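To start, the structure itself, in structure tokens.
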Amino acid sequence: MYTLIGTIPSRAFRVLWMLEEIEEPFTHVNSGPRSAEARAANPAGKVPVLIADGVALTDSSAILAYLADRHARLTYPCGTIERARQDGFMHFINDEFDACLWTAARHSFVLPEERRVPEIKPALKWEFARSVDELMRRMDDGPFLMGEKMTIADILATHCGNWAFGAKFPLENEAFNAYLARMRDRPAFQRVRAMGR
Ligand SMILES: N[C@@H](CCC(=O)N[C@@H](CS)C(=O)NCC(=O)O)C(=O)O
């Protein structure tokens with residue numbers, strides 16, 4: 001049985017969605033970043049944290065990859081060309097989507113006020129829009145990023161798309177918007193969303 005620490009609006013959503021997709025039982029500790037529960041498991045105070053076999057695992061992409069490999073779900077096997085492409089998607093989304101969104105968040109409410117540089121935000125929004133176009137160029141015919149098979153890259157991309165929407169980043173790529181709508185329709189996604197209500 002897994003234990004997942006982190007609130008629904010945080011990156012913990014990615015892991016909760018994964019656990020729902022693969023139908024693995026888990027206990028959810030609905031505690032936020034820097035909470036006592038988060039710090040007890042991860043001294044940095046960051047969430048999500050997955051407790052697996054008594055060990056605290058951090059960093060949502062690594063947790064997704066661990067669950068995918070362990071349960072042989074939503075992933076291609078290590079050492080295959082498909083896995084290399086899947087990893088490429090994961091790195092691309094982290095580098096170009098998550099990094100932009102996280103930098104915008106840091107300069108909006110995470111950093112101490114005197115350290116924030118709000119002027120950076122328009123450049124981040126422009127970069128993000130350019131990366132969305134690039135992701136859609138790299139996407140196979142669909143319905144998922146890698147064609148007929150859903151992978152953990154879809155969880156990461158969709159979470160970042162939703163985050164962008166919440167952060168009022170422009171979302172003008174129709175193919176990406178249609179992809180996000182399809183992904184949000186998934187019952188496992190909806191179950192996690194309902195947990196937050
Ligand atoms: N690379 C980590 C980032 C984790 C992270 O920064 N989480 C945010 C919440 S979504 C957090 O805990 N922030 C608190 C802080 O930075 O002090 C991941 O993907 O899990």
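Residue numbering restarts at 1 for every chain of the structure tokens, chains are lettered A, B, ... in their displayed order, and ligands are numbered from 1 as they appear.
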Mind dumping a table of every chain A residue within 8 Å of ligand 1, with the nearest atom pair and its distance in Å to one decimal, using only C-alpha atoms and all ligand atoms, sorted by chain and rising number, as a tab-separated table?
```
residue	atom	partner	partner_atom_place_in_ligand_line	distance
A:Gly6	CA	ligand 1	9 (C)	7.9
A:Pro9	CA	ligand 1	10 (S)	7.4
A:Ser10	CA	ligand 1	10 (S)	3.9
A:Arg11	CA	ligand 1	10 (S)	4.2
A:Ala12	CA	ligand 1	10 (S)	6.8
A:Gly32	CA	ligand 1	12 (O)	7.2
A:Pro33	CA	ligand 1	12 (O)	4.1
A:Arg34	CA	ligand 1	14 (C)	6.0
A:Ala44	CA	ligand 1	17 (O)	6.9
A:Gly45	CA	ligand 1	17 (O)	6.0
A:Lys46	CA	ligand 1	12 (O)	3.1
A:Val47	CA	ligand 1	12 (O)	4.1
A:Pro48	CA	ligand 1	20 (O)	5.4
A:Val49	CA	ligand 1	20 (O)	7.7
A:Thr58	CA	ligand 1	20 (O)	6.1
A:Asp59	CA	ligand 1	20 (O)	3.3
A:Ser60	CA	ligand 1	20 (O)	3.8
A:Ser61	CA	ligand 1	19 (O)	5.7
A:Ala62	CA	ligand 1	19 (O)	7.8
A:Trp102	CA	ligand 1	6 (O)	7.7
A:Val110	CA	ligand 1	16 (O)	7.0
```
*Using DSSP on the backbone coordinates, identify all residues within region 4-41 of chain A classified as strand (DSSP E); present the result as JSON, numbers by chain.*
{"A": [4, 5, 26, 27, 28, 29]}
Residues as selected, C-alpha atoms, written as an mmCIF file, in the first residue's frame, can you do that?
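Saved the output as again21.cif:
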```
data_model
loop_
_atom_site.group_PDB
_atom_site.id
_atom_site.type_symbol
_atom_site.label_atom_id
_atom_site.label_comp_id
_atom_site.auth_asym_id
_atom_site.auth_seq_id
_atom_site.Cartn_x
_atom_site.Cartn_y
_atom_site.Cartn_z
ATOM 1 C CA LEU A 4 0.989 9.864 -1.031
ATOM 2 C CA ILE A 5 1.618 13.205 0.646
ATOM 3 C CA PHE A 26 -3.090 4.226 -1.520
ATOM 4 C CA THR A 27 -3.565 6.427 1.511
ATOM 5 C CA HIS A 28 -3.707 10.126 0.768
ATOM 6 C CA VAL A 29 -2.216 12.592 3.253
#
```
_Can you pull out every residue from region 61-130 of chain A that DSSP, working from the backbone, puts in helix (DSSP H, G or I), and format the result as a ChimeraX atom specification?_
/A:61-71,81-110,113-115,118-130
Any chance you can output those residues with C-alpha atoms as a short mmCIF file (atom, residue, chain, number, x, y, z; two decimals), in the first residue's frame?
```
data_model
loop_
_atom_site.label_atom_id
_atom_site.label_comp_id
_atom_site.auth_asym_id
_atom_site.auth_seq_id
_atom_site.Cartn_x
_atom_site.Cartn_y
_atom_site.Cartn_z
CA SER A 61 8.44 12.61 -12.62
CA ALA A 62 10.66 10.12 -10.82
CA ILE A 63 7.68 8.85 -8.84
CA LEU A 64 5.65 8.43 -12.02
CA ALA A 65 8.50 6.51 -13.65
CA TYR A 66 8.90 4.30 -10.57
CA LEU A 67 5.20 3.40 -10.47
CA ALA A 68 5.10 2.86 -14.23
CA ASP A 69 8.12 0.54 -14.17
CA ARG A 70 7.07 -1.30 -11.04
CA HIS A 71 3.58 -2.06 -12.34
CA ILE A 81 13.37 2.98 -28.72
CA GLU A 82 9.85 3.81 -27.59
CA ARG A 83 11.11 4.25 -24.03
CA ALA A 84 13.80 6.62 -25.25
CA ARG A 85 11.12 8.66 -27.03
CA GLN A 86 8.91 8.58 -23.93
CA ASP A 87 11.82 9.80 -21.79
CA GLY A 88 12.43 12.52 -24.37
CA PHE A 89 8.85 13.69 -23.94
CA MET A 90 9.26 13.67 -20.14
CA HIS A 91 12.44 15.75 -20.31
CA PHE A 92 10.97 18.13 -22.86
CA ILE A 93 7.84 18.74 -20.75
CA ASN A 94 9.86 19.25 -17.59
CA ASP A 95 12.38 21.55 -19.26
CA GLU A 96 9.97 23.62 -21.32
CA PHE A 97 6.61 23.47 -19.55
CA ASP A 98 7.18 22.80 -15.85
CA ALA A 99 10.22 25.09 -15.70
CA CYS A 100 8.30 28.03 -17.22
CA LEU A 101 5.29 27.52 -14.98
CA TRP A 102 7.38 27.06 -11.86
CA THR A 103 9.48 30.15 -12.59
CA ALA A 104 6.28 32.16 -13.07
CA ALA A 105 4.93 30.79 -9.77
CA ARG A 106 8.17 31.61 -7.95
CA HIS A 107 8.03 35.19 -9.20
CA SER A 108 4.32 35.47 -8.31
CA PHE A 109 4.03 34.04 -4.80
CA VAL A 110 6.80 31.56 -3.86
CA GLU A 113 8.47 39.57 -2.28
CA GLU A 114 11.73 41.53 -2.58
CA ARG A 115 13.24 38.73 -4.72
CA PRO A 118 7.35 40.05 -12.23
CA GLU A 119 8.68 41.48 -15.52
CA ILE A 120 9.87 37.98 -16.41
CA LYS A 121 6.31 36.67 -16.83
CA PRO A 122 5.48 37.82 -20.38
CA ALA A 123 8.66 36.12 -21.67
CA LEU A 124 7.71 32.89 -19.88
CA LYS A 125 4.23 32.97 -21.40
CA TRP A 126 5.67 33.48 -24.86
CA GLU A 127 8.15 30.63 -24.37
CA PHE A 128 5.42 28.33 -23.06
CA ALA A 129 3.20 28.98 -26.09
CA ARG A 130 6.14 28.20 -28.39
#
```
_Residue among A:Ser31, A:Pro187, A:Ile22, A:Ala52 lying closest to Tyr2 (chain A), counting only C-alpha atoms_ = A:Ala52
*asked:* So that I can check the surroundings of region 149-165 of chain A, please list as an MDAnalysis selection string every protein, DNA and RNA residue that reaches within 6 Å of it, counting only C-alpha atoms and ignoring chain neighbours fewer than 3 positions away.
replied: chainID A and resid 74:75 90 144 168:169 180
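Among the candidates A:Gly166, A:Gly196, A:Pro43, A:Gly142, the one nearest to Leu16 (chain A) when counting only C-alpha atoms is A:Gly196.
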Per residue of region 49-153 of chain A within 10 Å of region 175-179 of chain A, which atom pair is closest and at what distance in Å (one decimal), using only C-alpha atoms, listed by chain and increasing number, as a tab-separated table?
```
residue	atom	partner	partner_atom	distance
A:Val132	CA	A:Phe176	CA	7.1
A:Asp133	CA	A:Phe176	CA	8.1
A:Leu135	CA	A:Phe176	CA	8.5
A:Met136	CA	A:Phe176	CA	6.6
A:Arg137	CA	A:Ala175	CA	9.8
A:Met139	CA	A:Phe176	CA	9.9
A:Gly142	CA	A:Tyr179	CA	8.4
A:Pro143	CA	A:Tyr179	CA	7.2
A:Phe144	CA	A:Tyr179	CA	7.6
A:Leu145	CA	A:Tyr179	CA	8.8
```
_d(CA of Glu172 (chain A), CA of Glu134 (chain A)) in Å_ = 13.0 Å
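Between CA of Arg191 (chain A) and CA of Gly54 (chain A) the separation is 26.0 Å.
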*Which distance in Å separates CA of Ser35 (chain A) and CA of Val117 (chain A), to one decimal?*
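It comes out at 26.1 Å.
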